[in-house]
Amino acid sequence: MPFEADLAHALDRTTNSLEPDLPALLGGAVQRGRSRRRRRSAGIIAGLGAFGAIAGAALLAPGGLAGIRPAGSDMEAAALAMPRSAITGDQMIQALEQTLPGGRFSQVTGQSNNPSDPNGGYVANGELVVDDGHGAAFVGVSAVRLKLPLKDGDGLSCERTPARAAGDTCTLSELPSSAAIPGGAVVMSEQNAAGHPARADTARRWTVTVTLRSTGAQLQLVQWNSTGGGSGSGTPKPTRTAPPLSEQQVVAALTGAAWAPILGAVG
C-alpha cells in the first residue's frame, strides 16, 4: 500500500479542526481530491516526523485542504486501507444529489478512487453547490476505508490539540448493529466557524462522519452555509442560517439506500 496515499489523506483530514478563514478552504472542503492527485506525484514522504511542516505548507496553498485533524496522539489511527472496489465520481455525485432532493445543483464535481492503481487514490469525492430555496450552500462528501482495528483517531474521537475554538463543537454517538450497518457505527458531528471570534455574519461548516465498525468504511459529509468568500474580507459570508440537512437527516442518508452501494464498495 503506497504510503503517500495514506499521508495525503491524513493531511486532508488534519486541517478540519483549524480555523477555516480562507475562501479557498470553503471551495476545497471536499475538493481535496484534486489537490491530492497533485500531491501524490511528489513521491513518498518518509515517516510522520515531517508531517507537521507538510501540513502547515498545505494550508497556505490555493484550494486549501479541509477535513483534517492536527498532528497529535490520534494521527496514527488515520491510516487508510485499500477500498474493496472502485467508486466513480459520477456515483458519488448521484448519491449526493439523491441526498439533497428538490435542490438546484451547480459547480458539480466528482473524483473516482482506483484501488487497482497505486496512483489513482483511495478516496472518492463528490461536491456541489445546492440551492433548496433557502439559500445556496456548498456540500461535499468523501468515502474512504480506515484500517482495522479502529482506534481513537480520524472521525472517531473529539479529542484534539490545540483545543477547539470557542463556539466550535464536536459530539460522538453510536449506531446499533442492524441489517444496514452490521456491527454498528460511530458518528462524529462537528460545527466550526469560518473565523473567530464568530459573529452573526460568520459562515459555518457542519461535518458528519459515519464510520462502520465492522469494515472501517467511512463517509464524511460537509455542509457550509456559504458558497464562497465575502466581499473584500477573504472570509466566507453566510448565505443562509442553517445547513441544508440536519445531523439526523445526514446520518439517515449516509446509512440509507443511496449510500449503501458505496459503503459496500469501500469496505
# chains A, B, ... in the order shown; residues from 1 in each chain; ligands from 1
call {"tool": "residues_around", "arguments": {"residues": "Gln107 in chain A", "least_positions_apart": "2", "cutoff": "7 Å", "atoms": "only C-alpha atoms", "output": "PyMOL selection string"}}
result
chain A and resi 109+128-129
call {"tool": "closest_residue", "arguments": {"among": "A:Ser142, A:Ser226, A:Ser85, A:Gln248", "to": "Ser189 in chain A", "atoms": "only C-alpha atoms"}}
result
A:Gln248
call {"tool": "residues_around", "arguments": {"residues": "range 168-174 of chain A", "least_positions_apart": "4", "cutoff": "12 Å", "atoms": "only C-alpha atoms", "output": "ChimeraX atom specification"}}
result
/A:16-20,152,155-160,163-164,181,183-198,204-213,247-248,251
call {"tool": "closest_residue", "arguments": {"among": "A:Pro115, A:Gly126, A:Pro238, A:Pro83", "to": "Val144 in chain A", "atoms": "only C-alpha atoms"}}
result
A:Pro83
call {"tool": "select_by_dssp", "arguments": {"residues": "range 56-235 of chain A", "states": "helix (DSSP H, G or I)", "output": "JSON, numbers by chain"}}
result
{"A": [56, 57, 58, 59, 75, 76, 77, 78, 89, 90, 91, 92, 93, 94, 95, 96, 97, 98, 99]}
call {"tool": "write_last_selection", "arguments": {"atoms": "N, CA, C and O atoms", "output": "PDB file, in the first residue's frame"}}
result
ATOM      1  N   GLY A  56       1.438  22.303   7.468  1.00  0.00           N
ATOM      2  CA  GLY A  56       1.432  23.754   7.506  1.00  0.00           C
ATOM      3  C   GLY A  56       1.556  24.359   6.126  1.00  0.00           C
ATOM      4  O   GLY A  56       0.880  25.324   5.787  1.00  0.00           O
ATOM      5  N   ALA A  57       2.420  23.765   5.287  1.00  0.00           N
ATOM      6  CA  ALA A  57       2.569  24.273   3.924  1.00  0.00           C
ATOM      7  C   ALA A  57       1.305  24.077   3.127  1.00  0.00           C
ATOM      8  O   ALA A  57       0.915  24.925   2.326  1.00  0.00           O
ATOM      9  N   ALA A  58       0.632  22.943   3.337  1.00  0.00           N
ATOM     10  CA  ALA A  58      -0.589  22.661   2.579  1.00  0.00           C
ATOM     11  C   ALA A  58      -1.669  23.689   2.877  1.00  0.00           C
ATOM     12  O   ALA A  58      -2.462  24.035   2.005  1.00  0.00           O
ATOM     13  N   LEU A  59      -1.714  24.196   4.092  1.00  0.00           N
ATOM     14  CA  LEU A  59      -2.738  25.167   4.459  1.00  0.00           C
ATOM     15  C   LEU A  59      -2.589  26.475   3.697  1.00  0.00           C
ATOM     16  O   LEU A  59      -3.553  27.208   3.533  1.00  0.00           O
ATOM     17  N   MET A  75      -3.164  10.750  15.368  1.00  0.00           N
ATOM     18  CA  MET A  75      -2.899  10.758  13.946  1.00  0.00           C
ATOM     19  C   MET A  75      -2.615   9.361  13.407  1.00  0.00           C
ATOM     20  O   MET A  75      -2.897   9.044  12.264  1.00  0.00           O
ATOM     21  N   GLU A  76      -2.024   8.445  14.208  1.00  0.00           N
ATOM     22  CA  GLU A  76      -1.681   7.131  13.716  1.00  0.00           C
ATOM     23  C   GLU A  76      -2.916   6.352  13.304  1.00  0.00           C
ATOM     24  O   GLU A  76      -2.834   5.418  12.520  1.00  0.00           O
ATOM     25  N   ALA A  77      -4.073   6.708  13.828  1.00  0.00           N
ATOM     26  CA  ALA A  77      -5.295   5.970  13.512  1.00  0.00           C
ATOM     27  C   ALA A  77      -5.914   6.408  12.198  1.00  0.00           C
ATOM     28  O   ALA A  77      -6.919   5.860  11.791  1.00  0.00           O
ATOM     29  N   ALA A  78      -5.322   7.400  11.523  1.00  0.00           N
ATOM     30  CA  ALA A  78      -5.920   7.931  10.301  1.00  0.00           C
ATOM     31  C   ALA A  78      -5.474   7.184   9.048  1.00  0.00           C
ATOM     32  O   ALA A  78      -5.834   7.568   7.956  1.00  0.00           O
ATOM     33  N   GLY A  89     -16.536   9.007  -9.654  1.00  0.00           N
ATOM     34  CA  GLY A  89     -17.014  10.322  -9.251  1.00  0.00           C
ATOM     35  C   GLY A  89     -18.479  10.507  -9.564  1.00  0.00           C
ATOM     36  O   GLY A  89     -19.208  11.164  -8.808  1.00  0.00           O
ATOM     37  N   ASP A  90     -18.952   9.914 -10.675  1.00  0.00           N
ATOM     38  CA  ASP A  90     -20.371  10.006 -11.022  1.00  0.00           C
ATOM     39  C   ASP A  90     -21.244   9.325  -9.974  1.00  0.00           C
ATOM     40  O   ASP A  90     -22.343   9.809  -9.663  1.00  0.00           O
ATOM     41  N   GLN A  91     -20.778   8.197  -9.431  1.00  0.00           N
ATOM     42  CA  GLN A  91     -21.535   7.534  -8.364  1.00  0.00           C
ATOM     43  C   GLN A  91     -21.639   8.423  -7.135  1.00  0.00           C
ATOM     44  O   GLN A  91     -22.697   8.491  -6.498  1.00  0.00           O
ATOM     45  N   MET A  92     -20.546   9.086  -6.793  1.00  0.00           N
ATOM     46  CA  MET A  92     -20.554   9.963  -5.624  1.00  0.00           C
ATOM     47  C   MET A  92     -21.524  11.119  -5.831  1.00  0.00           C
ATOM     48  O   MET A  92     -22.292  11.472  -4.919  1.00  0.00           O
ATOM     49  N   ILE A  93     -21.497  11.708  -7.028  1.00  0.00           N
ATOM     50  CA  ILE A  93     -22.396  12.825  -7.315  1.00  0.00           C
ATOM     51  C   ILE A  93     -23.849  12.371  -7.301  1.00  0.00           C
ATOM     52  O   ILE A  93     -24.730  13.046  -6.752  1.00  0.00           O
ATOM     53  N   GLN A  94     -24.134  11.219  -7.912  1.00  0.00           N
ATOM     54  CA  GLN A  94     -25.509  10.731  -7.955  1.00  0.00           C
ATOM     55  C   GLN A  94     -26.051  10.506  -6.549  1.00  0.00           C
ATOM     56  O   GLN A  94     -27.177  10.899  -6.229  1.00  0.00           O
ATOM     57  N   ALA A  95     -25.246   9.876  -5.683  1.00  0.00           N
ATOM     58  CA  ALA A  95     -25.690   9.638  -4.312  1.00  0.00           C
ATOM     59  C   ALA A  95     -25.870  10.954  -3.557  1.00  0.00           C
ATOM     60  O   ALA A  95     -26.813  11.109  -2.763  1.00  0.00           O
ATOM     61  N   LEU A  96     -24.984  11.915  -3.804  1.00  0.00           N
ATOM     62  CA  LEU A  96     -25.088  13.202  -3.127  1.00  0.00           C
ATOM     63  C   LEU A  96     -26.344  13.938  -3.564  1.00  0.00           C
ATOM     64  O   LEU A  96     -27.048  14.534  -2.734  1.00  0.00           O
ATOM     65  N   GLU A  97     -26.655  13.911  -4.851  1.00  0.00           N
ATOM     66  CA  GLU A  97     -27.872  14.567  -5.328  1.00  0.00           C
ATOM     67  C   GLU A  97     -29.118  13.889  -4.773  1.00  0.00           C
ATOM     68  O   GLU A  97     -30.109  14.563  -4.461  1.00  0.00           O
ATOM     69  N   GLN A  98     -29.087  12.567  -4.623  1.00  0.00           N
ATOM     70  CA  GLN A  98     -30.223  11.867  -4.019  1.00  0.00           C
ATOM     71  C   GLN A  98     -30.383  12.231  -2.544  1.00  0.00           C
ATOM     72  O   GLN A  98     -31.489  12.182  -2.003  1.00  0.00           O
ATOM     73  N   THR A  99     -29.281  12.613  -1.908  1.00  0.00           N
ATOM     74  CA  THR A  99     -29.320  13.025  -0.502  1.00  0.00           C
ATOM     75  C   THR A  99     -29.942  14.408  -0.342  1.00  0.00           C
ATOM     76  O   THR A  99     -30.393  14.768   0.748  1.00  0.00           O
TER      77      THR A  99
END
call {"tool": "closest_residue", "arguments": {"among": "A:Leu100, A:Ala260, A:Ala143, A:Leu148", "to": "Asp131 in chain A", "atoms": "only C-alpha atoms"}}
result
A:Leu100
call {"tool": "closest_residue", "arguments": {"among": "A:Met82, A:Leu146, A:Ser106, A:Thr227", "to": "Gly121 in chain A", "atoms": "only C-alpha atoms"}}
result
A:Met82
call {"tool": "select_by_dssp", "arguments": {"residues": "range 68-255 of chain A", "states": "strand (DSSP E or B)", "output": "PyMOL selection string"}}
result
chain A and resi 80+104-111+124-131+136-146+169-175+185-193+204-212+217-224+229+236
call {"tool": "atom_distance", "arguments": {"atom1": "CA of Gly153 in chain A", "atom2": "CA of Ala217 in chain A"}}
result
14.0 Å
call {"tool": "atom_distance", "arguments": {"atom1": "CA of Ser116 in chain A", "atom2": "CA of Trp259 in chain A"}}
result
22.0 Å
call {"tool": "closest_residue", "arguments": {"among": "A:Gly102, A:Gly267, A:Gly140, A:Gly135", "to": "Gln218 in chain A", "atoms": "only C-alpha atoms"}}
result
A:Gly267
